[in-house]
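Peer 1: Pasting start22.tsv below, which is TSV, C-alpha atoms.
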```tsv
chain	number	residue	atom	x	y	z
C	1	MET	CA	-11.01	-12.15	-11.48
C	2	SER	CA	-9.11	-12.73	-8.21
C	3	ARG	CA	-9.34	-10.26	-5.36
C	4	ARG	CA	-5.64	-9.35	-5.68
C	5	SER	CA	-5.87	-8.67	-9.42
C	6	GLY	CA	-8.98	-6.57	-8.75
C	7	ILE	CA	-7.00	-4.45	-6.29
C	8	LEU	CA	-4.26	-3.98	-8.87
C	9	GLU	CA	-6.74	-2.89	-11.55
C	10	PHE	CA	-8.28	-0.42	-9.11
C	11	ALA	CA	-4.88	1.06	-8.24
C	12	VAL	CA	-3.79	1.31	-11.89
C	13	LEU	CA	-6.99	3.12	-12.85
C	14	GLY	CA	-6.59	5.47	-9.90
C	15	LEU	CA	-2.99	6.35	-10.74
C	16	LEU	CA	-3.79	6.88	-14.42
C	17	ARG	CA	-6.63	9.17	-13.46
C	18	GLU	CA	-3.94	11.52	-12.15
C	19	ALA	CA	-1.87	11.43	-15.35
C	20	PRO	CA	-0.98	9.12	-18.28
C	21	MET	CA	2.05	6.93	-17.60
C	22	HIS	CA	4.06	4.16	-19.18
C	23	GLY	CA	4.54	0.78	-17.55
C	24	TYR	CA	7.79	1.61	-15.76
C	25	GLU	CA	6.31	4.74	-14.19
C	26	LEU	CA	3.22	2.83	-13.11
C	27	ARG	CA	5.22	0.06	-11.44
C	28	LYS	CA	7.37	2.64	-9.66
C	29	ARG	CA	4.30	4.46	-8.35
C	30	LEU	CA	2.69	1.20	-7.28
C	31	ASN	CA	5.84	0.29	-5.35
C	32	THR	CA	6.49	3.69	-3.76
C	33	SER	CA	3.01	5.11	-3.20
C	34	LEU	CA	1.22	1.84	-2.53
C	35	GLY	CA	3.61	-0.41	-0.67
C	36	ILE	CA	1.23	-3.37	-0.86
C	37	PHE	CA	2.33	-3.80	-4.49
C	38	ARG	CA	6.05	-4.15	-3.81
C	39	ALA	CA	5.96	-7.79	-4.85
C	40	PHE	CA	4.26	-7.12	-8.19
C	41	SER	CA	6.37	-7.71	-11.27
C	42	TYR	CA	6.05	-6.57	-14.86
C	43	GLY	CA	4.76	-10.06	-15.59
C	44	THR	CA	1.76	-9.24	-13.40
C	45	LEU	CA	1.34	-5.58	-14.35
C	46	TYR	CA	1.30	-5.89	-18.16
C	47	PRO	CA	-1.43	-8.55	-18.33
C	48	CYS	CA	-3.48	-6.27	-16.09
C	49	LEU	CA	-2.89	-3.33	-18.46
C	50	LYS	CA	-3.84	-5.46	-21.46
C	51	THR	CA	-7.08	-6.44	-19.74
C	52	LEU	CA	-7.92	-2.82	-18.98
C	53	VAL	CA	-7.22	-1.88	-22.60
C	54	ALA	CA	-9.41	-4.73	-23.84
C	55	ASN	CA	-12.23	-3.53	-21.58
C	56	GLY	CA	-12.00	-0.06	-23.09
C	57	TRP	CA	-10.88	1.57	-19.86
C	58	LEU	CA	-7.38	2.42	-21.11
C	59	ILE	CA	-5.87	3.28	-24.45
C	60	GLU	CA	-2.27	2.77	-25.55
C	61	GLU	CA	-0.36	5.67	-27.08
C	62	PRO	CA	3.22	5.91	-28.34
C	63	GLY	CA	5.71	8.01	-26.41
C	64	SER	CA	5.07	11.69	-27.07
C	65	ALA	CA	8.65	12.79	-27.79
C	66	PRO	CA	9.69	12.06	-31.43
C	67	GLU	CA	13.36	12.01	-30.53
C	68	ASP	CA	12.71	9.25	-28.03
C	69	ALA	CA	11.01	7.15	-30.69
C	70	LEU	CA	13.89	7.76	-33.12
C	71	ALA	CA	16.51	6.89	-30.52
C	72	ALA	CA	14.63	3.74	-29.61
C	73	SER	CA	14.40	2.76	-33.28
C	74	LEU	CA	18.11	3.31	-33.86
C	75	ALA	CA	18.93	1.28	-30.77
C	76	GLY	CA	16.67	-1.54	-31.85
C	77	ARG	CA	14.28	-1.00	-28.96
C	78	ARG	CA	10.55	-0.48	-29.06
C	79	ALA	CA	9.27	2.95	-28.04
C	80	LYS	CA	7.60	3.04	-24.64
C	81	ILE	CA	3.82	2.79	-24.64
C	82	VAL	CA	1.93	5.36	-22.61
C	83	TYR	CA	-1.35	4.32	-21.02
C	84	ARG	CA	-4.16	6.84	-20.79
C	85	LEU	CA	-7.47	6.55	-18.97
C	86	THR	CA	-10.55	6.74	-21.23
C	87	ALA	CA	-13.84	8.38	-20.32
C	88	GLU	CA	-15.27	4.91	-19.75
C	89	GLY	CA	-12.29	4.07	-17.54
C	90	LYS	CA	-12.81	7.19	-15.45
C	91	GLU	CA	-16.49	6.35	-15.04
C	92	HIS	CA	-15.61	2.79	-14.04
C	93	PHE	CA	-13.06	3.98	-11.50
C	94	GLU	CA	-15.55	6.40	-9.96
C	95	GLU	CA	-18.00	3.53	-9.68
C	96	LEU	CA	-15.36	1.45	-7.89
C	97	LEU	CA	-14.68	4.37	-5.54
C	98	SER	CA	-18.31	4.36	-4.46
C	99	HIS	CA	-18.24	0.70	-3.37
C	100	THR	CA	-18.27	0.16	0.39
C	101	GLY	CA	-18.76	-3.59	0.71
C	102	PRO	CA	-16.77	-5.91	2.97
C	103	ASP	CA	-13.94	-6.26	0.44
C	104	SER	CA	-13.07	-2.59	0.94
C	105	TRP	CA	-12.40	-3.28	4.63
C	106	GLU	CA	-9.90	-6.12	4.13
C	107	ASP	CA	-6.21	-5.47	4.70
C	108	GLU	CA	-4.84	-5.07	1.16
C	109	HIS	CA	-7.96	-3.61	-0.41
C	110	PHE	CA	-8.35	-1.09	2.41
C	111	ALA	CA	-4.79	0.15	1.89
C	112	ALA	CA	-5.49	0.73	-1.81
C	113	ARG	CA	-8.83	2.39	-1.08
C	114	PHE	CA	-7.26	4.65	1.53
C	115	ALA	CA	-4.57	5.75	-0.93
C	116	PHE	CA	-7.33	7.29	-3.09
C	117	PHE	CA	-9.43	8.80	-0.31
C	118	GLY	CA	-8.61	12.23	-1.71
C	119	GLN	CA	-10.78	11.33	-4.71
C	120	THR	CA	-13.53	9.68	-2.63
C	121	GLU	CA	-16.78	11.22	-1.38
C	122	ARG	CA	-16.90	11.94	2.34
C	123	GLU	CA	-19.83	9.62	3.08
C	124	VAL	CA	-18.08	6.77	1.28
C	125	ARG	CA	-14.89	7.43	3.24
C	126	MET	CA	-16.87	7.28	6.48
C	127	ARG	CA	-18.51	3.96	5.59
C	128	VAL	CA	-15.18	2.41	4.62
C	129	LEU	CA	-13.44	3.67	7.78
C	130	GLU	CA	-16.25	2.51	10.04
C	131	GLY	CA	-16.39	-0.86	8.29
C	132	ARG	CA	-12.64	-1.28	8.68
C	133	ARG	CA	-12.83	-0.38	12.36
C	134	SER	CA	-15.64	-2.86	12.95
C	135	ARG	CA	-13.67	-5.60	11.19
C	136	LEU	CA	-10.58	-4.94	13.31
C	137	GLU	CA	-12.57	-4.81	16.54
C	138	GLU	CA	-13.97	-8.25	15.71
C	139	ARG	CA	-10.45	-9.49	14.97
C	140	LEU	CA	-9.14	-8.03	18.22
C	141	GLU	CA	-11.86	-9.73	20.24
C	142	LYS	CA	-11.01	-13.09	18.69
C	143	MET	CA	-7.29	-12.57	19.32
C	144	ARG	CA	-7.90	-11.77	22.98
C	145	ALA	CA	-10.15	-14.80	23.42
C	146	SER	CA	-7.59	-17.05	21.74
C	147	LEU	CA	-4.78	-15.69	23.88
C	148	ALA	CA	-6.79	-16.23	27.06
C	149	ARG	CA	-7.37	-19.87	26.12
C	150	THR	CA	-3.82	-20.71	25.09
C	151	ARG	CA	-1.68	-18.42	27.29
C	152	GLU	CA	-0.58	-21.21	29.63
C	153	ARG	CA	0.56	-23.42	26.74
C	154	LEU	CA	2.64	-20.79	24.95
C	155	ASP	CA	6.35	-20.20	25.42
C	156	ASP	CA	7.58	-16.66	26.07
C	157	TYR	CA	8.46	-15.91	22.45
C	158	THR	CA	5.19	-17.13	20.98
C	159	LEU	CA	3.33	-15.19	23.67
C	160	GLU	CA	5.26	-12.04	22.81
C	161	LEU	CA	4.42	-12.52	19.13
C	162	GLN	CA	0.74	-12.79	20.02
C	163	ARG	CA	0.96	-9.59	22.04
C	164	HIS	CA	2.71	-7.82	19.20
C	165	GLY	CA	-0.10	-8.77	16.82
C	166	MET	CA	-2.71	-7.48	19.25
C	167	GLU	CA	-0.85	-4.22	19.75
C	168	SER	CA	-0.71	-3.72	15.97
C	169	VAL	CA	-4.48	-4.13	15.69
C	170	GLU	CA	-5.11	-1.89	18.72
C	171	ARG	CA	-2.87	0.79	17.20
C	172	GLU	CA	-4.78	0.75	13.93
C	173	VAL	CA	-8.13	0.93	15.73
C	174	ARG	CA	-6.93	4.05	17.56
C	175	TRP	CA	-5.78	5.53	14.26
C	176	LEU	CA	-9.15	4.78	12.65
C	177	ASN	CA	-10.94	6.39	15.58
C	178	GLU	CA	-8.95	9.57	15.01
C	179	LEU	CA	-9.70	9.56	11.29
C	180	ILE	CA	-13.41	8.99	11.85
C	181	GLU	CA	-13.60	11.77	14.42
C	182	SER	CA	-11.74	14.11	12.05
C	183	GLU	CA	-14.12	13.27	9.22
C	184	ARG	CA	-17.09	13.98	11.49
C	185	ALA	CA	-15.57	17.22	12.71
C	186	GLY	CA	-14.95	18.33	9.13
C	187	ARG	CA	-18.53	17.50	8.17
C	188	ASP	CA	-19.94	19.34	11.18
C	189	GLN	CA	-17.69	22.32	10.49
C	190	ARG	CA	-18.90	22.47	6.91
C	191	ARG	CA	-22.54	22.35	8.01
C	192	THR	CA	-21.95	25.06	10.60
C	193	GLY	CA	-20.07	27.21	8.13
C	194	SER	CA	-22.79	26.93	5.49
C	195	GLY	CA	-25.39	28.07	7.99
C	196	ALA	CA	-23.38	30.85	9.55
C	197	PRO	CA	-24.40	34.48	9.00
C	198	LYS	CA	-22.72	35.96	5.98
C	199	ALA	CA	-21.14	38.68	8.08
C	200	ASP	CA	-19.29	36.03	10.10
C	201	ARG	CA	-17.74	34.34	7.06
C	202	ALA	CA	-14.33	35.11	5.61
C	203	PRO	CA	-14.36	37.44	2.58
C	204	GLU	CA	-14.63	35.63	-0.73
C	205	GLY	CA	-11.26	35.03	-2.34
C	206	SER	CA	-9.36	35.27	0.93
C	207	ALA	CA	-7.07	32.48	2.10
C	208	ASP	CA	-9.42	31.70	4.99
C	209	ALA	CA	-12.38	31.39	2.66
C	210	GLN	CA	-10.47	29.05	0.36
C	211	GLN	CA	-9.51	26.92	3.34
C	212	ASP	CA	-13.14	26.74	4.47
C	213	ASP	CA	-14.23	25.65	1.00
C	214	THR	CA	-11.77	22.78	0.78
C	215	SER	CA	-11.82	21.45	4.33
C	216	GLY	CA	-15.31	20.04	4.00
C	217	GLU	CA	-14.47	18.05	0.89
C	218	THR	CA	-11.15	16.51	1.83
C	219	GLY	CA	-12.34	16.12	5.38
C	220	GLY	CA	-10.01	15.34	7.70
C	221	LEU	CA	-6.74	13.88	8.39
C	222	PRO	CA	-5.73	14.47	12.01
C	223	ARG	CA	-2.60	16.54	12.44
C	224	HIS	CA	0.03	15.03	14.72
C	225	GLY	CA	3.12	17.15	14.64
C	226	GLY	CA	5.82	14.67	13.78
C	227	SER	CA	4.00	11.48	14.76
C	228	THR	CA	3.46	8.69	12.31
C	229	ARG	CA	0.30	6.81	11.43
C	230	PRO	CA	0.25	3.02	11.24
C	231	ASP	CA	0.48	1.56	7.78
C	232	PRO	CA	-2.97	0.22	6.77
C	233	SER	CA	-1.14	-2.76	5.32
C	234	ASP	CA	0.59	-3.43	8.66
C	235	ASP	CA	0.85	-6.95	9.98
C	236	THR	CA	-2.70	-6.98	11.34
C	237	ALA	CA	-3.65	-10.08	9.44
C	238	LYS	CA	-0.56	-12.09	9.98
```
The structure in this file should be written as structure tokens.
Peer 2:
Amino acid sequence: MSRRSGILEFAVLGLLREAPMHGYELRKRLNTSLGIFRAFSYGTLYPCLKTLVANGWLIEEPGSAPEDALAASLAGRRAKIVYRLTAEGKEHFEELLSHTGPDSWEDEHFAARFAFFGQTEREVRMRVLEGRRSRLEERLEKMRASLARTRERLDDYTLELQRHGMESVEREVRWLNELIESERAGRDQRRTGSGAPKADRAPEGSADAQQDDTSGETGGLPRHGGSTRPDPSDDTAK
């Protein structure tokens, strides 16, 4: 299985964990929620779905509305097939979520992994973020060394392109630093909260108590009023 098809299978399993969908809905979500899949066609998606069904990770079901099936029959069209995640598929996806090897730090795979960080354990998120940062710092060092060696031989436009690439990597490293610090702050806050005297905690059932319970799990995305974060699939590898 190629790396790119593996990323697609991971993303499909993750989306179907949220809710069953048919092929059109899946492709739309892959395109809109995970921009790295904009170039994927139905000719790529459906073989992937068939493979997941054959592995027992998905099952195919007919469309749930009878009138839709009747209308499709009268129009000479096949009813849409809905894909549902099986228990084995959910277990497999959770296993994939726990992986933190080098593949999870690469450009496309990292973008897909990050899209499902809300379903990922905090310690796994930290390892992936730190691995990604380390990979980009290595890339940045090589880019700087290369630029220093070739600066005199480059024309103005090529030099500007090199600088643009470096700035993109530097921007993502800063973004990763913020995410890592937020994750650490959330973890520390959770530890402090769990050890705080009961009298200092918010009453059970209150909004503050609910916020305390959830902040430690979802950790932490930094809040920047109105600012945007760099796309993990930005042109850092171009």
Peer 1: Can you report as JSON the centre and edge lengths in Å, to one decimal, of an axis-aligned box around the listed atoms of range 146-150 of chain C padded with 6 Å on each side?
Peer 2:
```
{"center_x": -5.7, "center_y": -18.2, "center_z": 24.4, "size_x": 15.8, "size_y": 17.0, "size_z": 17.3}
```
Peer 1: Show which residues sit within 7 Å of Thr100 in chain C, as a PyMOL selection string. Count all atoms listed in the file, and ignore same-chain residues fewer than 6 positions away.
Peer 2: chain C and resi 124+127-128
Peer 1: If I take CA of Glu25 in chain C and CA of Glu9 in chain C, how far is one from the other in Å, to one decimal?
Peer 2: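 Going from CA of Glu25 in chain C over to CA of Glu9 in chain C, I get 15.3 Å.
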Peer 1: Select, counting all atoms listed in the file, all protein, DNA and RNA residues no farther than 6 Å from (3.3, 2.7, -19.8) in file coordinates, and express the selection as a ChimeraX atom specification.
Peer 2: /C:21-23,81-83
Peer 1: Nearest to Glu141 in chain C among C:Ser98, C:Gly186, C:Val169, C:Thr158, with distances taken over only C-alpha atoms: which residue is it?
Peer 2: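 Of the candidates, the smallest distance to Glu141 in chain C is held by C:Val169.
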Peer 1: Figure out the distance between CA of Leu97 in chain C and CA of Ala111 in chain C, please, to one decimal in Å.
Peer 2: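 Value for the CA of Ala111 in chain C-CA of Leu97 in chain C distance: 13.1 Å.
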Peer 1: Quick one: pull the distance between CA of Glu108 in chain C and CA of Lys142 in chain C, Å, one decimal.
Peer 2: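 Separation of CA of Glu108 in chain C and CA of Lys142 in chain C: 20.2 Å.
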Peer 1: Dig up all the protein and nucleic acid residues within 12 Å of (-3.5, -1.7, 19.7) in the file frame, using all atoms listed in the file, and format them as a list in words.
Peer 2: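 Within 12 Å of (-3.5, -1.7, 19.7), the protein and nucleic acid residues are Arg133, Leu136, Glu137, Arg139, Leu140, Glu141, Met143, Arg144, Gln162, Arg163, His164, Gly165, Met166, Glu167, Ser168, Val169, Glu170, Arg171, Glu172, Val173, Arg174, Trp175, Leu176, Asn177, Pro230, Asp234, Asp235 and Thr236 of chain C.
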Peer 1: Mind dumping the selected residues with C-alpha atoms as a short mmCIF file (atom, residue, chain, number, x, y, z; two decimals), keeping the file's coordinate frame?
Peer 2:
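Output (result-v9.cif):
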```cif
data_model
loop_
_atom_site.label_atom_id
_atom_site.label_comp_id
_atom_site.auth_asym_id
_atom_site.auth_seq_id
_atom_site.Cartn_x
_atom_site.Cartn_y
_atom_site.Cartn_z
CA ARG C 133 -12.83 -0.38 12.36
CA LEU C 136 -10.58 -4.94 13.31
CA GLU C 137 -12.57 -4.81 16.54
CA ARG C 139 -10.45 -9.49 14.97
CA LEU C 140 -9.14 -8.03 18.22
CA GLU C 141 -11.86 -9.73 20.24
CA MET C 143 -7.29 -12.57 19.32
CA ARG C 144 -7.90 -11.77 22.98
CA GLN C 162 0.74 -12.79 20.02
CA ARG C 163 0.96 -9.59 22.04
CA HIS C 164 2.71 -7.82 19.20
CA GLY C 165 -0.10 -8.77 16.82
CA MET C 166 -2.71 -7.48 19.25
CA GLU C 167 -0.85 -4.22 19.75
CA SER C 168 -0.71 -3.72 15.97
CA VAL C 169 -4.48 -4.13 15.69
CA GLU C 170 -5.11 -1.89 18.72
CA ARG C 171 -2.87 0.79 17.20
CA GLU C 172 -4.78 0.75 13.93
CA VAL C 173 -8.13 0.93 15.73
CA ARG C 174 -6.93 4.05 17.56
CA TRP C 175 -5.78 5.53 14.26
CA LEU C 176 -9.15 4.78 12.65
CA ASN C 177 -10.94 6.39 15.58
CA PRO C 230 0.25 3.02 11.24
CA ASP C 234 0.59 -3.43 8.66
CA ASP C 235 0.85 -6.95 9.98
CA THR C 236 -2.70 -6.98 11.34
#
```
